[in-house]
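Participant: Got entry-v1.cif for you, mmCIF, C-alpha atoms and all ligand atoms; chains and numbers go by the auth columns:
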```
data_input
loop_
_atom_site.group_PDB
_atom_site.id
_atom_site.type_symbol
_atom_site.label_atom_id
_atom_site.label_comp_id
_atom_site.label_asym_id
_atom_site.label_seq_id
_atom_site.Cartn_x
_atom_site.Cartn_y
_atom_site.Cartn_z
_atom_site.B_iso_or_equiv
_atom_site.auth_seq_id
_atom_site.auth_asym_id
ATOM 1 C CA MET A 1 -11.469 27.691 -4.707 0.00 1064 A
ATOM 2 C CA ARG A 2 -11.100 25.443 -7.765 0.00 1065 A
ATOM 3 C CA ARG A 3 -11.552 21.753 -7.092 0.00 1066 A
ATOM 4 C CA THR A 4 -8.691 19.552 -8.242 0.00 1067 A
ATOM 5 C CA VAL A 5 -9.148 16.307 -10.139 0.00 1068 A
ATOM 6 C CA LEU A 6 -6.184 13.966 -10.327 0.00 1069 A
ATOM 7 C CA ILE A 7 -6.197 12.013 -13.605 0.00 1070 A
ATOM 8 C CA LEU A 8 -3.990 8.974 -13.195 0.00 1071 A
ATOM 9 C CA ASN A 9 -2.760 6.647 -15.927 0.00 1072 A
ATOM 10 C CA GLY A 10 -1.101 3.288 -15.488 0.00 1073 A
ATOM 11 C CA PRO A 11 1.489 1.288 -17.394 0.00 1074 A
ATOM 12 C CA ASN A 12 2.022 1.537 -21.145 0.00 1075 A
ATOM 13 C CA LEU A 13 -0.366 4.457 -21.535 0.00 1076 A
ATOM 14 C CA ASN A 14 2.695 6.676 -22.111 0.00 1077 A
ATOM 15 C CA LEU A 15 2.790 5.008 -25.543 0.00 1078 A
ATOM 16 C CA LEU A 16 -0.797 5.882 -26.403 0.00 1079 A
ATOM 17 C CA GLY A 17 -1.044 6.844 -30.068 0.00 1080 A
ATOM 18 C CA THR A 18 1.526 4.298 -31.225 0.00 1081 A
ATOM 19 C CA ARG A 19 0.453 1.395 -29.015 0.00 1082 A
ATOM 20 C CA GLN A 20 -2.026 -0.917 -30.793 0.00 1083 A
ATOM 21 C CA PRO A 21 -3.945 2.023 -32.332 0.00 1084 A
ATOM 22 C CA GLU A 22 -6.660 -0.376 -33.547 0.00 1085 A
ATOM 23 C CA ILE A 23 -7.522 -0.890 -29.851 0.00 1086 A
ATOM 24 C CA TYR A 24 -6.445 2.337 -28.142 0.00 1087 A
ATOM 25 C CA GLY A 25 -6.769 4.911 -30.944 0.00 1088 A
ATOM 26 C CA SER A 26 -4.300 7.334 -32.457 0.00 1089 A
ATOM 27 C CA GLU A 27 -4.400 10.145 -29.906 0.00 1090 A
ATOM 28 C CA THR A 28 -1.325 10.515 -27.706 0.00 1091 A
ATOM 29 C CA LEU A 29 -1.491 10.812 -23.921 0.00 1092 A
ATOM 30 C CA SER A 30 -0.444 14.447 -24.172 0.00 1093 A
ATOM 31 C CA ASP A 31 -3.365 15.053 -26.594 0.00 1094 A
ATOM 32 C CA VAL A 32 -5.659 13.546 -23.955 0.00 1095 A
ATOM 33 C CA ALA A 33 -4.035 15.639 -21.206 0.00 1096 A
ATOM 34 C CA SER A 34 -4.606 18.857 -23.127 0.00 1097 A
ATOM 35 C CA ARG A 35 -8.244 17.997 -23.953 0.00 1098 A
ATOM 36 C CA CYS A 36 -8.776 17.249 -20.256 0.00 1099 A
ATOM 37 C CA ALA A 37 -7.131 20.544 -19.229 0.00 1100 A
ATOM 38 C CA ASP A 38 -9.402 22.488 -21.625 0.00 1101 A
ATOM 39 C CA LEU A 39 -12.572 20.783 -20.423 0.00 1102 A
ATOM 40 C CA ALA A 40 -11.542 21.059 -16.770 0.00 1103 A
ATOM 41 C CA ALA A 41 -11.115 24.828 -17.192 0.00 1104 A
ATOM 42 C CA GLN A 42 -14.611 25.058 -18.756 0.00 1105 A
ATOM 43 C CA LEU A 43 -16.016 23.070 -15.849 0.00 1106 A
ATOM 44 C CA GLY A 44 -14.265 25.213 -13.265 0.00 1107 A
ATOM 45 C CA LEU A 45 -11.931 22.402 -12.242 0.00 1108 A
ATOM 46 C CA GLU A 46 -8.178 22.041 -12.037 0.00 1109 A
ATOM 47 C CA ALA A 47 -6.923 18.845 -13.739 0.00 1110 A
ATOM 48 C CA ARG A 48 -3.624 17.246 -12.719 0.00 1111 A
ATOM 49 C CA PHE A 49 -2.559 14.600 -15.216 0.00 1112 A
ATOM 50 C CA GLU A 50 -0.051 11.863 -14.289 0.00 1113 A
ATOM 51 C CA GLN A 51 1.198 8.603 -15.790 0.00 1114 A
ATOM 52 C CA SER A 52 3.470 5.935 -14.370 0.00 1115 A
ATOM 53 C CA ASN A 53 4.554 2.471 -15.398 0.00 1116 A
ATOM 54 C CA HIS A 54 5.192 1.611 -11.727 0.00 1117 A
ATOM 55 C CA GLU A 55 2.585 0.339 -9.279 0.00 1118 A
ATOM 56 C CA GLY A 56 4.274 1.888 -6.216 0.00 1119 A
ATOM 57 C CA VAL A 57 4.457 5.314 -7.858 0.00 1120 A
ATOM 58 C CA LEU A 58 0.705 5.126 -8.584 0.00 1121 A
ATOM 59 C CA VAL A 59 0.082 4.136 -4.944 0.00 1122 A
ATOM 60 C CA ASP A 60 2.170 7.139 -3.776 0.00 1123 A
ATOM 61 C CA LEU A 61 0.230 9.498 -6.059 0.00 1124 A
ATOM 62 C CA ILE A 62 -3.101 8.168 -4.722 0.00 1125 A
ATOM 63 C CA GLN A 63 -1.898 8.541 -1.115 0.00 1126 A
ATOM 64 C CA ASP A 64 -0.772 12.130 -1.826 0.00 1127 A
ATOM 65 C CA ALA A 65 -4.185 12.868 -3.362 0.00 1128 A
ATOM 66 C CA ARG A 66 -5.778 12.521 0.101 0.00 1129 A
ATOM 67 C CA ASP A 67 -4.483 16.047 0.750 0.00 1130 A
ATOM 68 C CA GLY A 68 -4.075 17.336 -2.785 0.00 1131 A
ATOM 69 C CA ALA A 69 -7.126 16.331 -4.834 0.00 1132 A
ATOM 70 C CA ASP A 70 -10.916 16.334 -4.545 0.00 1133 A
ATOM 71 C CA ALA A 71 -11.591 13.506 -7.028 0.00 1134 A
ATOM 72 C CA ILE A 72 -9.579 10.862 -8.864 0.00 1135 A
ATOM 73 C CA ILE A 73 -10.057 9.645 -12.418 0.00 1136 A
ATOM 74 C CA ILE A 74 -7.954 6.560 -12.946 0.00 1137 A
ATOM 75 C CA ASN A 75 -7.105 4.352 -15.873 0.00 1138 A
ATOM 76 C CA PRO A 76 -5.096 1.723 -14.013 0.00 1139 A
ATOM 77 C CA ALA A 77 -4.377 -0.068 -17.338 0.00 1140 A
ATOM 78 C CA ALA A 78 -3.013 -3.579 -16.680 0.00 1141 A
ATOM 79 C CA TYR A 79 -2.984 -2.942 -12.913 0.00 1142 A
ATOM 80 C CA SER A 80 -6.800 -2.906 -13.053 0.00 1143 A
ATOM 81 C CA HIS A 81 -6.660 -6.671 -13.256 0.00 1144 A
ATOM 82 C CA THR A 82 -3.907 -7.350 -10.711 0.00 1145 A
ATOM 83 C CA SER A 83 -3.450 -4.617 -8.139 0.00 1146 A
ATOM 84 C CA VAL A 84 -4.827 -4.982 -4.630 0.00 1147 A
ATOM 85 C CA ALA A 85 -2.309 -2.262 -3.612 0.00 1148 A
ATOM 86 C CA ILE A 86 -3.983 0.307 -5.872 0.00 1149 A
ATOM 87 C CA LEU A 87 -7.427 -0.747 -4.596 0.00 1150 A
ATOM 88 C CA ASP A 88 -6.224 -0.390 -0.985 0.00 1151 A
ATOM 89 C CA ALA A 89 -4.809 3.075 -1.702 0.00 1152 A
ATOM 90 C CA LEU A 90 -8.073 4.171 -3.365 0.00 1153 A
ATOM 91 C CA ASN A 91 -10.021 2.863 -0.363 0.00 1154 A
ATOM 92 C CA MET A 92 -8.183 5.460 1.780 0.00 1155 A
ATOM 93 C CA PHE A 93 -9.271 8.311 -0.500 0.00 1156 A
ATOM 94 C CA ASP A 94 -12.527 9.965 0.531 0.00 1157 A
ATOM 95 C CA GLY A 95 -13.617 11.738 -2.679 0.00 1158 A
ATOM 96 C CA PRO A 96 -15.193 10.413 -5.877 0.00 1159 A
ATOM 97 C CA VAL A 97 -13.204 7.825 -7.843 0.00 1160 A
ATOM 98 C CA LEU A 98 -14.016 7.283 -11.518 0.00 1161 A
ATOM 99 C CA GLU A 99 -12.449 4.431 -13.461 0.00 1162 A
ATOM 100 C CA VAL A 100 -11.752 4.729 -17.179 0.00 1163 A
ATOM 101 C CA HIS A 101 -10.762 2.081 -19.715 0.00 1164 A
ATOM 102 C CA ILE A 102 -10.230 3.242 -23.270 0.00 1165 A
ATOM 103 C CA SER A 103 -11.193 -0.141 -24.689 0.00 1166 A
ATOM 104 C CA ASN A 104 -14.211 -2.229 -23.759 0.00 1167 A
ATOM 105 C CA ILE A 105 -12.458 -4.637 -21.400 0.00 1168 A
ATOM 106 C CA HIS A 106 -15.562 -6.864 -21.361 0.00 1169 A
ATOM 107 C CA LYS A 107 -15.247 -7.529 -25.081 0.00 1170 A
ATOM 108 C CA ARG A 108 -11.609 -8.594 -24.753 0.00 1171 A
ATOM 109 C CA GLU A 109 -9.725 -11.498 -23.145 0.00 1172 A
ATOM 110 C CA THR A 110 -11.348 -12.992 -20.032 0.00 1173 A
ATOM 111 C CA PHE A 111 -8.468 -11.897 -17.779 0.00 1174 A
ATOM 112 C CA ARG A 112 -9.403 -8.261 -18.535 0.00 1175 A
ATOM 113 C CA HIS A 113 -13.024 -8.674 -17.431 0.00 1176 A
ATOM 114 C CA HIS A 114 -12.297 -8.238 -13.729 0.00 1177 A
ATOM 115 C CA SER A 115 -10.988 -4.980 -12.300 0.00 1178 A
ATOM 116 C CA PHE A 116 -10.001 -4.734 -8.622 0.00 1179 A
ATOM 117 C CA VAL A 117 -10.433 -0.947 -8.881 0.00 1180 A
ATOM 118 C CA SER A 118 -14.128 -1.327 -9.750 0.00 1181 A
ATOM 119 C CA GLY A 119 -14.629 -2.498 -6.132 0.00 1182 A
ATOM 120 C CA ARG A 120 -13.990 1.118 -5.099 0.00 1183 A
ATOM 121 C CA ALA A 121 -14.935 3.184 -8.156 0.00 1184 A
ATOM 122 C CA ASP A 122 -18.094 5.295 -8.018 0.00 1185 A
ATOM 123 C CA GLY A 123 -18.426 4.906 -11.781 0.00 1186 A
ATOM 124 C CA VAL A 124 -16.739 2.934 -14.556 0.00 1187 A
ATOM 125 C CA ILE A 125 -16.412 3.895 -18.222 0.00 1188 A
ATOM 126 C CA ALA A 126 -15.138 1.344 -20.733 0.00 1189 A
ATOM 127 C CA GLY A 127 -15.028 1.320 -24.513 0.00 1190 A
ATOM 128 C CA PHE A 128 -15.618 5.029 -25.153 0.00 1191 A
ATOM 129 C CA GLY A 129 -12.069 5.540 -26.411 0.00 1192 A
ATOM 130 C CA THR A 130 -10.194 8.517 -25.012 0.00 1193 A
ATOM 131 C CA GLU A 131 -13.533 10.373 -24.803 0.00 1194 A
ATOM 132 C CA GLY A 132 -14.058 8.333 -21.635 0.00 1195 A
ATOM 133 C CA TYR A 133 -11.701 10.700 -19.790 0.00 1196 A
ATOM 134 C CA LEU A 134 -13.842 13.694 -20.777 0.00 1197 A
ATOM 135 C CA LEU A 135 -17.049 11.934 -19.720 0.00 1198 A
ATOM 136 C CA ALA A 136 -15.433 11.080 -16.394 0.00 1199 A
ATOM 137 C CA LEU A 137 -14.414 14.719 -15.922 0.00 1200 A
ATOM 138 C CA ARG A 138 -18.018 15.834 -16.489 0.00 1201 A
ATOM 139 C CA ARG A 139 -19.153 13.301 -13.906 0.00 1202 A
ATOM 140 C CA ALA A 140 -16.465 14.476 -11.462 0.00 1203 A
ATOM 141 C CA ALA A 141 -17.708 18.056 -11.928 0.00 1204 A
ATOM 142 C CA SER A 142 -21.278 17.075 -11.137 0.00 1205 A
ATOM 143 C CA LEU A 143 -20.264 14.949 -8.137 0.00 1206 A
ATOM 144 C CA LEU A 144 -18.141 17.815 -6.811 0.00 1207 A
ATOM 145 C CA GLY A 145 -20.865 20.353 -7.517 0.00 1208 A
ATOM 146 C CA ALA A 146 -18.472 22.446 -9.629 0.00 1209 A
ATOM 147 C CA ALA A 147 -19.873 25.141 -11.955 0.00 1210 A
ATOM 148 C CA GLU A 148 -20.562 24.018 -15.551 0.00 1211 A
HETATM 149 C C1 LIG B . -5.465 -0.338 -20.855 0.00 1 B
HETATM 150 C C2 LIG B . -4.554 -1.329 -20.703 0.00 1 B
HETATM 151 O O1 LIG B . -3.260 -1.071 -20.776 0.00 1 B
HETATM 152 C C3 LIG B . -4.961 -2.733 -20.537 0.00 1 B
HETATM 153 O O2 LIG B . -4.034 -3.467 -19.769 0.00 1 B
HETATM 154 C C4 LIG B . -6.346 -2.867 -19.951 0.00 1 B
HETATM 155 C C5 LIG B . -6.911 -0.555 -20.621 0.00 1 B
HETATM 156 C C6 LIG B . -7.337 -2.001 -20.705 0.00 1 B
HETATM 157 C C7 LIG B . -7.759 0.398 -21.437 0.00 1 B
HETATM 158 O O3 LIG B . -8.646 -0.033 -22.174 0.00 1 B
HETATM 159 O O4 LIG B . -7.560 1.621 -21.319 0.00 1 B
HETATM 160 O O5 LIG B . -6.753 -4.208 -19.974 0.00 1 B
#
```
The structure in this file should be written as structure tokens.
Facilitator:
Amino acid sequence: MRRTVLILNGPNLNLLGTRQPEIYGSETLSDVASRCADLAAQLGLEARFEQSNHEGVLVDLIQDARDGADAIIINPAAYSHTSVAILDALNMFDGPVLEVHISNIHKRETFRHHSFVSGRADGVIAGFGTEGYLLALRRAASLLGAAE
């Protein structure tokens, strides 16, 4: 059976492509979703791609993933720096968790340097642009032992 990877995106990432392209690039979130779907298929994985601007919705999706997904890739966006609720939800998930930031948060304002999610993540990718999602998918495949 195909393993499922939930790819979760936090607030303001729905505006990817038009939002500060000098920082986040010109690709839209649906471009990223379709690149992830293509790579997931090559890797023998099923990718489920979600975005919400609401912390509680992200918590619900993470809770649901306990039964519905084998790994989580998450770009918590601004909630990286504020959300104990998302960290707590991820701590109840047993599979691999990979954290992605499109920009290099360590090169930006000090308040972006700390991520609560990194306290749970098995790996963190920052500053690789939207390619970070694809790198995280490859890592999820190897952690899940899926066929390349
Ligand atoms: C996205 C955001 O929306 C910011 O709030 C984070 C992250 C960085 C990113 O680089 O993908 O600080």
Participant: Show me, as an mmCIF file with C-alpha atoms, keeping the file's coordinate frame, the residues that have an atom within 12 Å of segment 1085-1096 of chain A when counting all atoms listed in the file, minus same-chain residues fewer than 3 positions from it.
Facilitator:
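What landed in out_17.cif:
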```
data_model
loop_
_atom_site.group_PDB
_atom_site.id
_atom_site.type_symbol
_atom_site.label_atom_id
_atom_site.label_comp_id
_atom_site.auth_asym_id
_atom_site.auth_seq_id
_atom_site.Cartn_x
_atom_site.Cartn_y
_atom_site.Cartn_z
ATOM 1 C CA LEU A 1069 -6.184 13.966 -10.327
ATOM 2 C CA ILE A 1070 -6.197 12.013 -13.605
ATOM 3 C CA LEU A 1071 -3.990 8.974 -13.195
ATOM 4 C CA ASN A 1072 -2.760 6.647 -15.927
ATOM 5 C CA GLY A 1073 -1.101 3.288 -15.488
ATOM 6 C CA PRO A 1074 1.489 1.288 -17.394
ATOM 7 C CA ASN A 1075 2.022 1.537 -21.145
ATOM 8 C CA LEU A 1076 -0.366 4.457 -21.535
ATOM 9 C CA ASN A 1077 2.695 6.676 -22.111
ATOM 10 C CA LEU A 1078 2.790 5.008 -25.543
ATOM 11 C CA LEU A 1079 -0.797 5.882 -26.403
ATOM 12 C CA GLY A 1080 -1.044 6.844 -30.068
ATOM 13 C CA THR A 1081 1.526 4.298 -31.225
ATOM 14 C CA ARG A 1082 0.453 1.395 -29.015
ATOM 15 C CA CYS A 1099 -8.776 17.249 -20.256
ATOM 16 C CA ALA A 1100 -7.131 20.544 -19.229
ATOM 17 C CA ASP A 1101 -9.402 22.488 -21.625
ATOM 18 C CA LEU A 1102 -12.572 20.783 -20.423
ATOM 19 C CA ALA A 1103 -11.542 21.059 -16.770
ATOM 20 C CA GLU A 1109 -8.178 22.041 -12.037
ATOM 21 C CA ALA A 1110 -6.923 18.845 -13.739
ATOM 22 C CA ARG A 1111 -3.624 17.246 -12.719
ATOM 23 C CA PHE A 1112 -2.559 14.600 -15.216
ATOM 24 C CA GLU A 1113 -0.051 11.863 -14.289
ATOM 25 C CA GLN A 1114 1.198 8.603 -15.790
ATOM 26 C CA SER A 1115 3.470 5.935 -14.370
ATOM 27 C CA ASN A 1138 -7.105 4.352 -15.873
ATOM 28 C CA ALA A 1140 -4.377 -0.068 -17.338
ATOM 29 C CA HIS A 1164 -10.762 2.081 -19.715
ATOM 30 C CA ILE A 1165 -10.230 3.242 -23.270
ATOM 31 C CA SER A 1166 -11.193 -0.141 -24.689
ATOM 32 C CA ASN A 1167 -14.211 -2.229 -23.759
ATOM 33 C CA ILE A 1168 -12.458 -4.637 -21.400
ATOM 34 C CA LYS A 1170 -15.247 -7.529 -25.081
ATOM 35 C CA ARG A 1171 -11.609 -8.594 -24.753
ATOM 36 C CA ALA A 1189 -15.138 1.344 -20.733
ATOM 37 C CA GLY A 1190 -15.028 1.320 -24.513
ATOM 38 C CA PHE A 1191 -15.618 5.029 -25.153
ATOM 39 C CA GLY A 1192 -12.069 5.540 -26.411
ATOM 40 C CA THR A 1193 -10.194 8.517 -25.012
ATOM 41 C CA GLU A 1194 -13.533 10.373 -24.803
ATOM 42 C CA GLY A 1195 -14.058 8.333 -21.635
ATOM 43 C CA TYR A 1196 -11.701 10.700 -19.790
ATOM 44 C CA LEU A 1197 -13.842 13.694 -20.777
ATOM 45 C CA LEU A 1200 -14.414 14.719 -15.922
#
```
Participant: Using all atoms listed in the file, pick whichever of A:Leu1198, A:Leu1106, A:Glu1172, A:Leu1153 has the shortest atom-to-atom distance to Pro1139 of chain A.
Facilitator: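 Among A:Leu1198, A:Leu1106, A:Glu1172, A:Leu1153, it is A:Leu1153 that comes nearest to Pro1139 of chain A.
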Participant: Please evaluate the PyMOL selection byres (((chain A and resi 1143) around 12) and not hetatm) against the displayed coordinates and give the resulting residues as a PDB file with C-alpha atoms, keeping the file's coordinate frame.
Facilitator:
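Saved as result21.pdb:
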```pdb
ATOM      1  CA  ASN A1072      -2.760   6.647 -15.927  1.00  0.00           C
ATOM      2  CA  GLY A1073      -1.101   3.288 -15.488  1.00  0.00           C
ATOM      3  CA  PRO A1074       1.489   1.288 -17.394  1.00  0.00           C
ATOM      4  CA  GLU A1118       2.585   0.339  -9.279  1.00  0.00           C
ATOM      5  CA  LEU A1121       0.705   5.126  -8.584  1.00  0.00           C
ATOM      6  CA  ILE A1137      -7.954   6.560 -12.946  1.00  0.00           C
ATOM      7  CA  ASN A1138      -7.105   4.352 -15.873  1.00  0.00           C
ATOM      8  CA  PRO A1139      -5.096   1.723 -14.013  1.00  0.00           C
ATOM      9  CA  ALA A1140      -4.377  -0.068 -17.338  1.00  0.00           C
ATOM     10  CA  ALA A1141      -3.013  -3.579 -16.680  1.00  0.00           C
ATOM     11  CA  TYR A1142      -2.984  -2.942 -12.913  1.00  0.00           C
ATOM     12  CA  HIS A1144      -6.660  -6.671 -13.256  1.00  0.00           C
ATOM     13  CA  THR A1145      -3.907  -7.350 -10.711  1.00  0.00           C
ATOM     14  CA  SER A1146      -3.450  -4.617  -8.139  1.00  0.00           C
ATOM     15  CA  VAL A1147      -4.827  -4.982  -4.630  1.00  0.00           C
ATOM     16  CA  ALA A1148      -2.309  -2.262  -3.612  1.00  0.00           C
ATOM     17  CA  ILE A1149      -3.983   0.307  -5.872  1.00  0.00           C
ATOM     18  CA  LEU A1150      -7.427  -0.747  -4.596  1.00  0.00           C
ATOM     19  CA  GLU A1162     -12.449   4.431 -13.461  1.00  0.00           C
ATOM     20  CA  VAL A1163     -11.752   4.729 -17.179  1.00  0.00           C
ATOM     21  CA  HIS A1164     -10.762   2.081 -19.715  1.00  0.00           C
ATOM     22  CA  ILE A1168     -12.458  -4.637 -21.400  1.00  0.00           C
ATOM     23  CA  PHE A1174      -8.468 -11.897 -17.779  1.00  0.00           C
ATOM     24  CA  ARG A1175      -9.403  -8.261 -18.535  1.00  0.00           C
ATOM     25  CA  HIS A1176     -13.024  -8.674 -17.431  1.00  0.00           C
ATOM     26  CA  HIS A1177     -12.297  -8.238 -13.729  1.00  0.00           C
ATOM     27  CA  SER A1178     -10.988  -4.980 -12.300  1.00  0.00           C
ATOM     28  CA  PHE A1179     -10.001  -4.734  -8.622  1.00  0.00           C
ATOM     29  CA  VAL A1180     -10.433  -0.947  -8.881  1.00  0.00           C
ATOM     30  CA  SER A1181     -14.128  -1.327  -9.750  1.00  0.00           C
ATOM     31  CA  GLY A1182     -14.629  -2.498  -6.132  1.00  0.00           C
ATOM     32  CA  ARG A1183     -13.990   1.118  -5.099  1.00  0.00           C
ATOM     33  CA  ALA A1184     -14.935   3.184  -8.156  1.00  0.00           C
ATOM     34  CA  VAL A1187     -16.739   2.934 -14.556  1.00  0.00           C
TER      35      VAL A1187
END
```
Participant: Would you place a box with edges along x, y and z of the file around all atoms of segment 1169-1186 of chain A listed there, add 8 Å to each of its six sides, and report the centre and edge lengths in Å to one decimal, as AutoDock Vina command-line options?
Facilitator:
```
--center_x -13.4 --center_y -3.8 --center_z -15.1 --size_x 26.0 --size_y 34.3 --size_z 36.0
```
Participant: Between atom CA of Arg1065 of chain A and atom CA of Gln1105 of chain A, measure the distance and give it in Å to one decimal.
Facilitator: 11.5 Å
Participant: Point out the residue among A:Asn1154, A:Pro1084, A:Met1064, A:Leu1124 with the least atom-to-atom distance to ligand LIG 1 (chain B), counting all atoms listed in the file.
Facilitator: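 Of A:Asn1154, A:Pro1084, A:Met1064, A:Leu1124, the one nearest ligand LIG 1 (chain B) is A:Pro1084, counting all atoms listed in the file.
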Participant: Quick one, how far is atom C5 of ligand LIG 1 (chain B) from atom CA of Gln1083 of chain A?
Facilitator: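 For atom C5 of ligand LIG 1 (chain B) relative to atom CA of Gln1083 of chain A, the distance reads 11.3 Å.
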Participant: Using all atoms listed in the file for the distances, tell me which of A:Arg1098, A:Arg1129, A:Arg1202, A:His1169 is nearest to Met1155 of chain A.
Facilitator: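 Among A:Arg1098, A:Arg1129, A:Arg1202, A:His1169, it is A:Arg1129 that comes nearest to Met1155 of chain A.
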Participant: Would you mind telling me which residue in A:Ala1128, A:Asn1116, A:Arg1201, A:Ala1134 lies nearest to ligand LIG 1 (chain B) when using only C-alpha atoms and all ligand atoms?
Facilitator: A:Asn1116
Participant: Grab the atom CA of Val1122 of chain A to atom O3 of ligand LIG 1 (chain B) distance for me, in Å with one decimal place.
Facilitator: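 Distance reported for this atom pair: 19.8 Å.
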Participant: Calculated over only C-alpha atoms and all ligand atoms, which of the candidates A:Ile1188, A:Val1120, A:Ile1125, A:Gly1107 has the smallest distance to ligand LIG 1 (chain B)?
Facilitator: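 For ligand LIG 1 (chain B), the nearest of the candidates is A:Ile1188.
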Participant: Return the single residue from A:Asp1123, A:Gly1131, A:Thr1173, A:Leu1161 that is closest to ligand LIG 1 (chain B), with distances computed using only C-alpha atoms and all ligand atoms.
Facilitator: A:Thr1173
